[in-house]
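For reference, entry06.cif (mmCIF, C-alpha atoms):
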data_entry
#
loop_
_atom_site.label_atom_id
_atom_site.label_comp_id
_atom_site.auth_asym_id
_atom_site.auth_seq_id
_atom_site.Cartn_x
_atom_site.Cartn_y
_atom_site.Cartn_z
CA MET A 1070 27.03 -22.02 -15.25
CA SER A 1071 28.43 -22.98 -11.84
CA ASP A 1072 27.13 -25.84 -9.73
CA ALA A 1073 24.87 -23.81 -7.43
CA ASP A 1074 22.41 -25.34 -4.96
CA PHE A 1075 19.48 -23.64 -6.72
CA ASP A 1076 18.84 -21.69 -9.86
CA ILE A 1077 17.01 -18.99 -7.90
CA ILE A 1078 16.69 -18.11 -4.23
CA VAL A 1079 13.83 -15.80 -3.29
CA VAL A 1080 14.10 -13.91 0.00
CA GLY A 1081 10.62 -13.28 1.39
CA SER A 1082 7.23 -14.72 0.55
CA GLY A 1083 5.01 -11.67 0.28
CA CYS A 1084 3.20 -10.86 -2.95
CA ALA A 1085 6.42 -10.18 -4.88
CA GLY A 1086 8.41 -13.11 -3.52
CA ALA A 1087 5.70 -15.76 -3.83
CA VAL A 1088 4.77 -14.67 -7.36
CA ALA A 1089 8.45 -14.66 -8.40
CA ALA A 1090 8.86 -18.16 -6.99
CA TYR A 1091 5.74 -19.40 -8.76
CA VAL A 1092 6.68 -17.95 -12.16
CA ALA A 1093 10.27 -19.25 -11.97
CA ALA A 1094 9.19 -22.73 -10.80
CA GLU A 1095 6.55 -22.89 -13.54
CA ALA A 1096 9.37 -22.22 -16.00
CA GLY A 1097 11.17 -25.32 -14.71
CA LYS A 1098 13.81 -23.64 -12.57
CA SER A 1099 14.86 -24.91 -9.14
CA VAL A 1100 13.66 -22.35 -6.61
CA LEU A 1101 14.13 -21.92 -2.88
CA VAL A 1102 12.09 -19.41 -0.89
CA VAL A 1103 13.47 -18.32 2.48
CA GLU A 1104 10.76 -16.70 4.62
CA ARG A 1105 11.62 -15.33 8.07
CA GLY A 1106 8.05 -15.69 9.34
CA ASN A 1107 6.86 -19.03 10.67
CA TYR A 1108 4.64 -19.17 7.61
CA ALA A 1109 4.00 -16.98 4.58
CA GLY A 1110 1.97 -13.96 5.68
CA ALA A 1111 2.89 -14.26 9.36
CA LYS A 1112 4.67 -10.91 9.30
CA ASN A 1113 2.92 -9.23 6.41
CA MET A 1114 0.36 -6.50 6.84
CA THR A 1115 -1.40 -4.06 4.59
CA GLY A 1116 -4.52 -1.96 4.66
CA GLY A 1117 -5.95 -4.83 2.71
CA ARG A 1118 -6.67 -4.12 -0.96
CA ILE A 1119 -5.34 -5.57 -4.21
CA TYR A 1120 -6.15 -4.42 -7.73
CA SER A 1121 -6.77 -7.54 -9.78
CA HIS A 1122 -5.13 -6.68 -13.11
CA ALA A 1123 -1.57 -7.71 -12.11
CA LEU A 1124 -2.69 -10.88 -10.35
CA LYS A 1125 -4.78 -11.90 -13.33
CA GLN A 1126 -1.69 -11.96 -15.55
CA VAL A 1127 -0.22 -14.67 -13.33
CA PHE A 1128 -3.37 -16.49 -12.19
CA PRO A 1129 -6.10 -15.91 -14.82
CA ASN A 1130 -8.80 -17.57 -12.70
CA PHE A 1131 -7.65 -16.40 -9.28
CA GLU A 1132 -11.20 -15.30 -8.30
CA GLU A 1133 -12.23 -18.96 -8.21
CA GLU A 1134 -9.68 -20.05 -5.60
CA ALA A 1135 -7.90 -17.13 -3.91
CA PRO A 1136 -9.05 -16.26 -0.36
CA LEU A 1137 -10.52 -12.91 -1.31
CA GLU A 1138 -12.71 -10.95 1.09
CA ARG A 1139 -14.99 -8.54 -0.82
CA LYS A 1140 -15.04 -6.95 -4.25
CA ILE A 1141 -14.68 -3.21 -3.66
CA THR A 1142 -17.49 -1.33 -5.39
CA HIS A 1143 -17.74 1.75 -3.15
CA GLU A 1144 -14.99 4.36 -2.86
CA ARG A 1145 -15.13 6.79 0.06
CA ILE A 1146 -12.87 9.73 0.87
CA ALA A 1147 -13.38 11.51 4.19
CA MET A 1148 -12.00 14.78 5.53
CA LEU A 1149 -12.04 14.98 9.32
CA SER A 1150 -11.83 17.86 11.75
CA PRO A 1151 -12.02 16.99 15.46
CA ASP A 1152 -15.81 17.28 15.44
CA SER A 1153 -16.88 16.95 11.82
CA GLU A 1154 -16.70 14.74 8.74
CA MET A 1155 -17.16 15.42 5.04
CA THR A 1156 -17.29 12.22 2.97
CA ILE A 1157 -17.49 11.61 -0.75
CA ASP A 1158 -19.09 8.24 -1.52
CA PHE A 1159 -18.78 6.95 -5.08
CA THR A 1160 -19.97 3.73 -6.66
CA SER A 1161 -20.10 2.65 -10.27
CA ALA A 1162 -20.62 -0.53 -12.25
CA GLU A 1163 -17.24 0.11 -13.86
CA LEU A 1164 -15.49 -0.50 -10.53
CA ALA A 1165 -16.65 -4.12 -10.69
CA GLU A 1166 -15.62 -4.79 -14.29
CA GLU A 1167 -13.07 -7.55 -14.84
CA GLY A 1168 -9.59 -6.09 -15.10
CA LYS A 1169 -10.63 -2.89 -13.32
CA ASP A 1170 -11.87 -4.56 -10.16
CA SER A 1171 -10.20 -4.75 -6.77
CA TYR A 1172 -10.64 -6.86 -3.66
CA SER A 1173 -10.07 -6.55 0.04
CA VAL A 1174 -7.77 -9.25 1.40
CA LEU A 1175 -6.29 -10.34 4.69
CA ARG A 1176 -2.60 -10.94 4.11
CA GLY A 1177 -2.28 -14.01 6.34
CA PRO A 1178 -4.54 -16.33 4.31
CA PHE A 1179 -3.82 -14.54 1.02
CA ASP A 1180 -0.04 -14.92 1.30
CA GLN A 1181 -0.42 -18.54 2.35
CA TRP A 1182 -2.45 -19.17 -0.80
CA LEU A 1183 0.28 -17.58 -2.93
CA ALA A 1184 2.91 -19.73 -1.19
CA GLU A 1185 0.84 -22.85 -1.82
CA LYS A 1186 0.68 -21.98 -5.51
CA ALA A 1187 4.47 -21.54 -5.61
CA GLU A 1188 5.04 -24.85 -3.80
CA ALA A 1189 2.62 -26.64 -6.11
CA ALA A 1190 4.66 -25.33 -9.05
CA GLY A 1191 7.81 -26.86 -7.53
CA ALA A 1192 9.34 -24.16 -5.33
CA GLU A 1193 10.86 -25.28 -2.02
CA TYR A 1194 10.21 -23.35 1.18
CA ILE A 1195 12.18 -22.72 4.36
CA CYS A 1196 10.24 -20.72 6.96
CA GLY A 1197 11.20 -19.30 10.33
CA ILE A 1198 14.75 -18.35 9.26
CA ALA A 1199 16.01 -14.86 8.47
CA VAL A 1200 18.53 -14.26 5.71
CA GLU A 1201 21.34 -12.29 7.35
CA GLU A 1202 23.35 -11.39 4.27
CA LEU A 1203 23.89 -12.06 0.60
CA ILE A 1204 27.10 -13.87 -0.25
CA ARG A 1205 29.33 -13.06 -3.21
CA ASP A 1206 31.86 -14.92 -5.29
CA GLY A 1207 35.43 -13.81 -5.93
CA ALA A 1208 34.32 -11.44 -8.69
CA GLY A 1209 31.81 -9.69 -6.40
CA LYS A 1210 28.72 -11.27 -7.97
CA VAL A 1211 25.89 -12.25 -5.61
CA CYS A 1212 25.87 -16.04 -5.51
CA GLY A 1213 23.64 -16.97 -2.60
CA VAL A 1214 22.51 -16.21 0.94
CA ARG A 1215 23.65 -16.82 4.49
CA ALA A 1216 20.86 -17.79 6.86
CA GLY A 1217 21.99 -18.71 10.36
CA GLU A 1218 24.89 -21.14 10.02
CA ASP A 1219 23.99 -22.10 6.48
CA GLU A 1220 25.22 -20.72 3.20
CA ILE A 1221 23.02 -21.61 0.25
CA THR A 1222 24.09 -20.78 -3.29
CA ALA A 1223 22.09 -19.76 -6.34
CA GLU A 1224 22.63 -18.30 -9.77
CA VAL A 1225 20.18 -15.49 -9.01
CA VAL A 1226 18.84 -14.09 -5.74
CA ILE A 1227 15.55 -12.18 -5.82
CA VAL A 1228 15.31 -9.92 -2.77
CA ALA A 1229 11.66 -9.45 -1.82
CA GLU A 1230 12.18 -8.80 1.89
CA GLY A 1231 9.61 -6.04 2.30
CA ALA A 1232 9.78 -2.34 3.11
CA ASN A 1233 12.29 -2.74 5.94
CA ALA A 1234 14.90 -3.55 3.32
CA LEU A 1235 17.98 -4.34 5.41
CA LEU A 1236 19.53 -6.75 2.89
CA SER A 1237 19.11 -4.22 0.12
CA GLU A 1238 20.92 -1.68 2.27
CA ARG A 1239 23.63 -3.83 3.88
CA SER A 1240 24.45 -6.26 1.09
CA LEU A 1241 23.61 -4.32 -2.07
CA GLY A 1242 24.53 -0.81 -0.95
CA ASN A 1243 21.16 0.83 -1.53
CA PRO A 1244 20.66 3.94 0.61
CA ARG A 1245 18.54 3.85 3.73
CA PRO A 1246 15.28 5.75 3.17
CA LYS A 1247 14.94 9.10 4.92
CA PRO A 1248 12.49 9.30 7.86
CA HIS A 1249 10.02 11.46 5.92
CA GLU A 1250 10.01 8.90 3.08
CA MET A 1251 8.84 6.05 5.30
CA ALA A 1252 5.71 5.67 7.38
CA VAL A 1253 4.48 3.53 10.23
CA GLY A 1254 1.23 1.76 9.47
CA VAL A 1255 -0.90 0.48 12.36
CA LYS A 1256 -4.03 -1.57 11.79
CA GLU A 1257 -6.71 -3.30 13.82
CA VAL A 1258 -9.22 -5.83 12.51
CA PHE A 1259 -12.72 -5.79 14.01
CA GLY A 1260 -15.02 -8.77 13.71
CA LEU A 1261 -18.54 -7.87 12.55
CA PRO A 1262 -21.28 -9.99 10.93
CA ALA A 1263 -21.45 -9.76 7.15
CA ASP A 1264 -25.01 -8.44 7.01
CA ARG A 1265 -24.18 -5.67 9.48
CA ILE A 1266 -21.21 -4.60 7.35
CA GLU A 1267 -23.42 -4.48 4.27
CA ASP A 1268 -26.07 -2.45 6.11
CA ARG A 1269 -23.58 0.05 7.51
CA PHE A 1270 -21.88 0.64 4.16
CA LEU A 1271 -25.01 0.31 1.99
CA VAL A 1272 -23.39 -2.28 -0.27
CA PRO A 1273 -24.96 -5.33 -1.94
CA GLU A 1274 -24.32 -8.76 -0.46
CA GLY A 1275 -20.69 -9.82 -0.99
CA GLU A 1276 -19.52 -6.38 -2.09
CA GLY A 1277 -17.52 -3.93 -0.03
CA ALA A 1278 -16.13 -0.45 0.46
CA ALA A 1279 -12.74 1.19 0.73
CA MET A 1280 -12.39 4.40 2.71
CA LEU A 1281 -9.49 6.84 3.10
CA PHE A 1282 -9.37 9.60 5.73
CA VAL A 1283 -7.33 12.79 6.02
CA GLY A 1284 -7.09 15.39 8.77
CA ASP A 1285 -7.81 14.74 12.43
CA CYS A 1286 -7.00 11.00 12.19
CA THR A 1287 -3.29 11.93 12.32
CA LYS A 1288 -3.81 15.06 14.42
CA GLY A 1289 -2.85 17.34 11.54
CA GLN A 1290 0.35 15.46 10.70
CA VAL A 1291 1.21 14.06 7.25
CA GLY A 1292 -0.52 10.72 6.87
CA GLY A 1293 -4.05 9.40 6.88
CA GLY A 1294 -6.50 6.73 7.89
CA PHE A 1295 -7.88 3.76 5.98
CA LEU A 1296 -10.74 1.32 6.23
CA TYR A 1297 -11.53 -1.79 4.21
CA THR A 1298 -14.50 -4.11 4.59
CA ASN A 1299 -13.81 -7.83 4.71
CA LYS A 1300 -16.31 -10.70 4.64
CA ASP A 1301 -17.02 -10.59 8.35
CA SER A 1302 -14.58 -8.01 9.65
CA ILE A 1303 -13.35 -4.45 9.10
CA SER A 1304 -9.69 -3.48 8.69
CA LEU A 1305 -9.15 -0.05 10.23
CA GLY A 1306 -5.89 1.82 10.69
CA LEU A 1307 -3.72 4.79 9.95
CA VAL A 1308 -0.35 5.70 8.51
CA ALA A 1309 1.98 8.39 9.88
CA THR A 1310 5.49 9.23 8.70
CA VAL A 1311 8.43 7.87 10.65
CA SER A 1312 9.59 11.44 11.20
CA THR A 1313 6.26 12.12 12.94
CA ALA A 1314 6.37 8.91 14.97
CA ALA A 1315 9.98 9.49 16.04
CA ASP A 1316 9.50 13.12 17.00
CA GLY A 1317 9.56 13.21 20.79
CA ALA A 1318 8.07 16.70 20.69
CA ASN A 1319 4.96 15.39 18.96
CA PRO A 1320 2.22 15.68 21.62
CA VAL A 1321 0.23 12.72 20.26
CA PRO A 1322 2.05 9.40 19.69
CA VAL A 1323 0.85 7.14 16.89
CA TYR A 1324 -0.84 4.64 19.21
CA GLN A 1325 -2.91 7.47 20.70
CA MET A 1326 -3.77 8.74 17.22
CA LEU A 1327 -5.27 5.32 16.49
CA GLU A 1328 -7.27 5.28 19.72
CA ASP A 1329 -8.64 8.76 19.08
CA PHE A 1330 -9.36 7.85 15.45
CA LYS A 1331 -11.46 4.87 16.54
CA ASN A 1332 -13.44 7.16 18.83
CA HIS A 1333 -14.01 9.91 16.25
CA PRO A 1334 -17.73 10.54 15.60
CA ALA A 1335 -17.24 9.48 11.97
CA VAL A 1336 -15.61 6.14 12.87
CA ALA A 1337 -17.05 4.98 16.19
CA PRO A 1338 -20.51 4.10 14.75
CA ILE A 1339 -18.88 1.96 12.05
CA ILE A 1340 -17.18 -0.35 14.55
CA ARG A 1341 -19.89 -0.13 17.23
CA GLY A 1342 -20.45 -3.58 18.71
CA ALA A 1343 -17.44 -5.03 16.86
CA LYS A 1344 -14.72 -7.02 18.62
CA MET A 1345 -11.07 -6.26 17.91
CA VAL A 1346 -9.48 -9.54 16.80
CA GLU A 1347 -6.09 -8.45 15.46
CA HIS A 1348 -3.56 -5.64 15.91
CA SER A 1349 -0.50 -5.19 13.71
CA GLY A 1350 2.06 -2.66 12.56
CA HIS A 1351 4.32 -2.34 9.56
CA MET A 1352 6.67 -0.03 7.69
CA VAL A 1353 5.35 1.60 4.51
CA SER A 1354 7.30 3.50 1.86
CA GLU A 1355 5.82 6.91 1.10
CA GLY A 1356 8.40 8.66 -1.08
CA GLY A 1357 7.18 7.33 -4.43
CA TYR A 1358 9.25 7.27 -7.59
CA ASN A 1359 12.16 9.31 -6.25
CA MET A 1360 13.02 6.75 -3.57
CA ILE A 1361 13.16 3.69 -5.84
CA PRO A 1362 16.64 2.20 -5.33
CA THR A 1363 18.83 0.35 -7.80
CA TYR A 1364 17.05 -2.95 -8.37
CA THR A 1365 19.31 -4.86 -10.79
CA PHE A 1366 22.73 -6.18 -9.73
CA ASP A 1367 25.21 -8.87 -10.67
CA GLY A 1368 23.35 -11.98 -9.59
CA ALA A 1369 20.54 -10.20 -7.74
CA LEU A 1370 17.22 -8.42 -8.31
CA VAL A 1371 15.07 -6.41 -5.88
CA ALA A 1372 11.27 -6.54 -6.08
CA GLY A 1373 8.11 -5.42 -4.33
CA ASP A 1374 8.23 -3.30 -1.19
CA ALA A 1375 12.00 -3.82 -0.97
CA ALA A 1376 12.19 -1.77 -4.16
CA MET A 1377 9.93 0.84 -2.51
CA LEU A 1378 7.15 0.24 -5.02
CA CYS A 1379 4.28 1.92 -3.21
CA MET A 1380 2.13 4.90 -4.13
CA ASN A 1381 -0.16 6.94 -1.87
CA LEU A 1382 -2.15 9.53 -3.81
CA GLY A 1383 -4.47 10.48 -0.99
CA TYR A 1384 -7.51 9.15 -2.86
CA MET A 1385 -5.85 5.83 -3.70
CA VAL A 1386 -3.14 3.63 -2.20
CA ARG A 1387 -1.37 1.03 -4.33
CA GLY A 1388 1.35 -1.45 -3.54
CA MET A 1389 0.22 -5.03 -3.94
CA ASP A 1390 -0.37 -4.77 -7.68
CA PHE A 1391 3.13 -3.27 -8.04
CA ALA A 1392 4.54 -6.13 -5.94
CA VAL A 1393 2.80 -8.85 -7.95
CA ALA A 1394 3.91 -7.34 -11.26
CA SER A 1395 7.50 -6.74 -10.16
CA GLY A 1396 7.77 -10.29 -8.79
CA ARG A 1397 6.55 -11.68 -12.08
CA MET A 1398 8.94 -9.54 -14.12
CA ALA A 1399 11.88 -10.35 -11.84
CA ALA A 1400 11.25 -14.07 -12.31
CA GLU A 1401 10.87 -13.72 -16.08
CA ALA A 1402 14.15 -11.81 -16.31
CA ALA A 1403 15.92 -14.34 -14.08
CA VAL A 1404 14.67 -17.25 -16.20
CA GLU A 1405 15.77 -15.42 -19.34
CA ALA A 1406 19.24 -14.81 -17.86
CA LEU A 1407 19.60 -18.42 -16.73
CA ASP A 1408 18.65 -19.68 -20.18
CA SER A 1409 21.20 -17.39 -21.80
CA GLY A 1410 23.94 -18.35 -19.33
CA ASP A 1411 24.51 -14.77 -18.16
CA THR A 1412 23.27 -13.75 -14.71
CA SER A 1413 25.39 -10.63 -14.46
CA ALA A 1414 23.68 -7.26 -14.18
CA ALA A 1415 23.81 -7.06 -17.98
CA GLY A 1416 22.22 -10.48 -18.30
CA LEU A 1417 19.50 -9.54 -15.82
CA ALA A 1418 18.82 -6.17 -17.46
CA GLY A 1419 15.60 -7.58 -18.87
CA TYR A 1420 14.08 -6.88 -15.46
CA GLN A 1421 14.75 -3.16 -15.73
CA ARG A 1422 13.50 -3.06 -19.31
CA ARG A 1423 10.29 -4.80 -18.29
CA MET A 1424 9.80 -2.51 -15.31
CA GLU A 1425 10.42 0.66 -17.31
CA ASP A 1426 7.95 -0.45 -19.97
CA SER A 1427 5.28 -1.41 -17.43
CA PHE A 1428 2.64 0.47 -15.48
CA VAL A 1429 4.77 0.05 -12.34
CA ILE A 1430 7.52 2.54 -13.13
CA GLN A 1431 5.39 4.63 -15.48
CA ASP A 1432 2.67 5.22 -12.85
CA LEU A 1433 5.20 5.99 -10.14
CA ARG A 1434 6.99 8.42 -12.47
CA THR A 1435 3.73 10.11 -13.49
CA PHE A 1436 2.95 10.96 -9.87
CA SER A 1437 6.54 11.53 -8.75
CA LYS A 1438 5.88 15.10 -7.54
CA TRP A 1439 2.94 14.22 -5.31
CA PRO A 1440 4.80 12.99 -2.17
CA HIS A 1441 6.71 16.29 -1.96
CA VAL A 1442 3.52 18.32 -2.54
CA MET A 1443 1.70 16.37 0.17
CA GLU A 1444 4.62 16.73 2.59
CA GLU A 1445 4.58 20.53 2.23
CA TRP A 1446 0.79 20.88 2.20
CA ASP A 1447 0.32 21.08 5.97
CA THR A 1448 -3.03 22.90 5.70
CA MET A 1449 -4.51 19.80 4.03
CA PHE A 1450 -4.11 18.00 7.36
CA THR A 1451 -4.89 20.91 9.67
CA ASP A 1452 -6.94 23.87 8.41
CA TYR A 1453 -8.67 22.52 5.29
CA PRO A 1454 -10.84 20.04 7.24
CA VAL A 1455 -11.91 22.94 9.46
CA MET A 1456 -12.59 25.11 6.40
CA VAL A 1457 -14.70 22.35 4.87
CA LYS A 1458 -16.66 22.08 8.12
CA GLU A 1459 -17.31 25.83 8.11
CA VAL A 1460 -18.38 25.78 4.45
CA PHE A 1461 -20.89 22.98 4.93
CA ASN A 1462 -22.20 24.44 8.16
CA ALA A 1463 -22.85 27.64 6.21
CA MET A 1464 -24.68 25.63 3.56
CA PHE A 1465 -26.84 23.44 5.76
CA SER A 1466 -27.41 25.31 9.03
CA VAL A 1467 -30.86 26.90 9.33
CA ASP A 1468 -31.52 29.00 12.43
CA GLY A 1469 -34.59 31.00 11.45
CA GLN A 1470 -32.62 34.13 10.55
CA PRO A 1471 -32.79 35.55 7.00
CA GLN A 1472 -30.09 33.91 4.90
CA GLN A 1473 -27.63 35.59 2.59
CA PRO A 1474 -26.92 34.14 -0.87
CA LEU A 1475 -24.70 31.07 -0.66
CA ARG A 1476 -21.78 32.89 -2.30
CA LYS A 1477 -21.78 35.54 0.41
CA ARG A 1478 -21.82 32.89 3.11
CA ILE A 1479 -18.96 30.84 1.69
CA MET A 1480 -16.54 33.44 0.29
CA PRO A 1481 -15.57 34.93 3.70
CA ILE A 1482 -14.66 31.43 4.90
CA VAL A 1483 -12.29 30.91 1.97
CA LYS A 1484 -10.99 34.48 1.92
CA LYS A 1485 -9.72 34.38 5.49
CA ARG A 1486 -7.40 31.55 4.38
CA GLY A 1487 -6.20 33.66 1.46
CA LEU A 1488 -8.12 33.13 -1.75
CA ILE A 1489 -5.06 33.30 -4.04
CA LYS A 1490 -2.93 31.23 -1.66
CA THR A 1491 -5.59 28.52 -1.49
CA ALA A 1492 -6.06 28.54 -5.26
CA MET A 1493 -2.30 28.23 -5.86
CA LYS A 1494 -2.01 25.27 -3.51
CA MET A 1495 -4.94 23.55 -5.19
CA LYS A 1496 -3.40 24.20 -8.60
CA LYS A 1497 -0.08 22.72 -7.47
CA ALA A 1498 -1.81 19.63 -6.12
CA VAL A 1499 -3.87 19.14 -9.28
CA SER A 1500 -0.71 19.52 -11.37
CA ALA A 1501 1.09 16.85 -9.32
CA LEU A 1502 -1.84 14.47 -9.71
#
What would the structure in this file look like if it were written as C-alpha cells?
Amino acid sequence: MSDADFDIIVVGSGCAGAVAAYVAAEAGKSVLVVERGNYAGAKNMTGGRIYSHALKQVFPNFEEEAPLERKITHERIAMLSPDSEMTIDFTSAELAEEGKDSYSVLRGPFDQWLAEKAEAAGAEYICGIAVEELIRDGAGKVCGVRAGEDEITAEVVIVAEGANALLSERSLGNPRPKPHEMAVGVKEVFGLPADRIEDRFLVPEGEGAAMLFVGDCTKGQVGGGFLYTNKDSISLGLVATVSTAADGANPVPVYQMLEDFKNHPAVAPIIRGAKMVEHSGHMVSEGGYNMIPTYTFDGALVAGDAAMLCMNLGYMVRGMDFAVASGRMAAEAAVEALDSGDTSAAGLAGYQRRMEDSFVIQDLRTFSKWPHVMEEWDTMFTDYPVMVKEVFNAMFSVDGQPQQPLRKRIMPIVKKRGLIKTAMKMKKAVSAL
C-alpha cells in the first residue's frame, strides 16, 4: 500500500457519509471527512423521516441518545382538489414495534449527532471546504481529493456528496440525471407547541404523524406534498420535478405552489397560529432503480443520495435508511479492501455484492417501474382528486330529495372518465407497486 495521508476520505457528512466515517474509524482506519457546509447538517434537508432498522444496525441503542423528534404512529395520505380533501388516516401498534418503527428528525441536529459519533470513533473533520475534484494516480486510480489549494491523498474515497452529485459526474463519469428524474424539494418548518400538535393530529403524547399529499398541492403536476410532526414544530413542504420547475410555460412556479399549498383548506388549519422558523430547498432524486449510477470504481465508492438511492412510492418516501445502509456497506467494503491490500474496483467489489444482497437494491428494483408509471399518470394529479370529490359528495350530500342507490350515484362519475380506461390505469399502478 502507498503512503497516503489517510486510509479513507469521505466527501460529505450526511447520513451516508457520517455513517461510513463512523464504521471505518471504528474498524481502526484513519478517516478524514470533508464537509462543504460550515457544520454537518448545515446544507442537508429532507422531509424529515428515518426508518430505524438501518440505523439500528450501526447504533443499536440510538433511541437513547439520537436527537429524534417523534415516533411516527399515524400514516396519512391525502388527495387534494382545489376545494376538497380526501384523507386516509391509519394507525397501528405494529408501526411502533422495534425494527419497524420510524421517527421524524430535523437534519441539522441529527446530522451533527452522527458527525459527533464519527469523531468520537476517531474520524477527523474539515468543514466549510468543498471538494472540487477527485485526483488520480498514474494508473487512473482515484487516490485522493483536491479541496481549494490542497490535495489530500487516501487509499479509498467514499463520495457521499448528496443528490447534486457533481463529483460523481465530473470525476467519475457518471451521467447527469435527466430533468424528469430529479425534483426540487422545498420545505418550511413551523413552530407549534407540542400539546397543540398532539391535539391537531390526535396522537398520544410524544408520538407523531406523517402525511403525504397528491393533487392540487403541485397544481396537477407530477410531485406531491409532505408533512411531518416534530416535537414542537411541523415540517411542511412539497416536491416537484425539475422539468416542471424549469418549464417557463408553467403558469405556477414552485414557490407559488408552496404558498397556495399552505393556504389550502386542508392545510391552513394545521399550521394556524404557527410561526415559520425555517425555509429550505434541496434536490431530490425521483427516478428510482433505473437512475442508479455506477457506484464502485478503482479507489472510489459512491453512497447515499449521490448514488441516487431514493424511492417515492406515493404512499411512502424513503431515502435516509438507504443512505445509512449504503454508508455502512461502503465502509465495510473499504475496510475489507484495505485489509486485503487491494483497493481497485475488484478489491472494492464487496460493496456491490453487499448492496445487491441488501434491501437497498432489492427494494429499488422491486419498484423500478413505478417512477415511469407515476410520470405518465397525469390524471392522478389532475382529474382523480376531482373524481374523488364528486364520489364523496354523492355519498355524503343530503339535500332532502329522494336518493338513488349508491351505485347509481357513483357509476356515472366513474363512467365519464372511462370505466375501462380508469380500471386499466389502476391495474398498471397496482402492478408497478
*Name the residues that the PyMOL selection byres ((chain A and resi 1103-1117) around 6) picks from the file above, as a ChimeraX atom specification, using the file's chain letters and numbers.*
/A:1080-1082,1102,1118,1173-1177,1180-1181,1195-1199
_Just to confirm, what's the straight-line distance from atom CA of Leu1502 of chain A to atom CA of Asp1170 of chain A in Å (one decimal)?_
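That distance, rounded to one decimal, is 21.5 Å.
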*Step by step, work through what the PyMOL selection byres ((chain A and resi 1092) around 8) selects in the shown file, and finish by giving those residues as a VMD selection string.*
chain A and resid 1088 to 1091 1093 to 1096 1127 1187 1397 1400 to 1401
Kindly export the residues of the current selection with C-alpha atoms, as an mmCIF file, keeping the file's coordinate frame.
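Below is the file that was written, part-v4.cif:
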data_model
loop_
_atom_site.group_PDB
_atom_site.id
_atom_site.type_symbol
_atom_site.label_atom_id
_atom_site.label_comp_id
_atom_site.auth_asym_id
_atom_site.auth_seq_id
_atom_site.Cartn_x
_atom_site.Cartn_y
_atom_site.Cartn_z
ATOM 1 C CA VAL A 1088 4.770 -14.670 -7.360
ATOM 2 C CA ALA A 1089 8.450 -14.660 -8.400
ATOM 3 C CA ALA A 1090 8.860 -18.160 -6.990
ATOM 4 C CA TYR A 1091 5.740 -19.400 -8.760
ATOM 5 C CA ALA A 1093 10.270 -19.250 -11.970
ATOM 6 C CA ALA A 1094 9.190 -22.730 -10.800
ATOM 7 C CA GLU A 1095 6.550 -22.890 -13.540
ATOM 8 C CA ALA A 1096 9.370 -22.220 -16.000
ATOM 9 C CA VAL A 1127 -0.220 -14.670 -13.330
ATOM 10 C CA ALA A 1187 4.470 -21.540 -5.610
ATOM 11 C CA ARG A 1397 6.550 -11.680 -12.080
ATOM 12 C CA ALA A 1400 11.250 -14.070 -12.310
ATOM 13 C CA GLU A 1401 10.870 -13.720 -16.080
#
*Rounded to one decimal place, report the atom CA of Arg1422 of chain A-atom CA of Met1352 of chain A distance in Å.*
28.0 Å
*asked:* Would you pick out the contacts of segment 1327-1337 of chain A at 10 Å or less, using only C-alpha atoms, so that residues sharing its chain but fewer than 3 positions from it are not included, and give the list as a PyMOL selection string?
replied: chain A and resi 1147-1156+1255-1257+1282+1285-1288+1294+1296+1305-1308+1321-1324+1340-1342
*Around the point (12.5, 0.2, -1.2), in the coordinates given by the file, pick out the residues reaching within 8 Å, counting all atoms listed in the file, and return them as an MDAnalysis selection string.*
chainID A and resid 1231:1234 1246 1354 1360:1362 1373:1378
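The interatomic distance for the pair atom CA of Val1272 of chain A and atom CA of Val1346 of chain A works out to 23.2 Å.
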*Excluding segment 1438-1443 of chain A and any residue of its chain fewer than 5 positions from it, enumerate the residues within 9 Å of it, using only C-alpha atoms, and give them as a PyMOL selection string.*
chain A and resi 1250+1291+1355-1359+1380-1383+1449+1494+1497-1498+1500-1502
*Identify all residues satisfying the PyMOL selection byres ((chain A and resi 1204-1217) around 12) in the given file; provide them as number ranges by chain.*
A: 1070-1080, 1101-1105, 1195-1203, 1218-1228, 1236-1237, 1239-1241, 1365-1370, 1411-1415
*Which one of A:Leu1235, A:Val1457, A:Phe1391, A:Asn1243 sits closest to Gln1431 of chain A if you count all atoms listed in the file?*
A:Phe1391
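Near Leu1164 of chain A, within 12 Å and counting all atoms listed in the file, sit A:Tyr1120, A:Ser1121, A:Lys1140, A:Ile1141, A:Thr1142, A:His1143, A:Glu1144, A:Phe1159, A:Thr1160, A:Ser1161, A:Ala1162, A:Glu1166, A:Glu1167, A:Gly1168, A:Lys1169, A:Asp1170, A:Ser1171, A:Tyr1172, A:Glu1276, A:Gly1277, A:Ala1278, A:Ala1279; same-chain residues fewer than 2 positions away were not included.
The residue that comes closest to Pro1273 of chain A, out of A:Gln1472, A:Arg1139, A:Asp1447, A:Gly1260 and on the basis of all atoms listed in the file, is A:Arg1139.
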_Nearest residue to Ile1430 of chain A from the set A:Ala1263, A:Ala1392, A:Met1326, A:Ala1252 (distances using all atoms listed in the file)_ =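 Of all the options, A:Ala1392 lies closest to Ile1430 of chain A.
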*Skipping near chain neighbours, those fewer than 6 positions away, what residues fall within 12 Å of Arg1486 of chain A using all atoms listed in the file, listed as a list in words?*
Thr1448, Asp1452, Tyr1453, Val1455, Met1456, Val1457, Ile1479, Met1480, Ala1492, Met1493 and Lys1494 of chain A
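Using all atoms listed in the file, the nearest neighbour of Ala1135 of chain A within the list A:Val1100, A:Leu1183, A:Val1393, A:Ala1314 is A:Leu1183.
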*Looking at all atoms listed in the file, which of A:Gly1289, A:Val1253, A:Ile1303, A:Pro1320 is the one that sits closest to Glu1267 of chain A?*
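Nearest to Glu1267 of chain A: A:Ile1303.
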*Smallest atom-to-atom distance to Lys1098 of chain A: which of A:Pro1454, A:Pro1136, A:Pro1129, A:Gly1191, using all atoms listed in the file?*
A:Gly1191
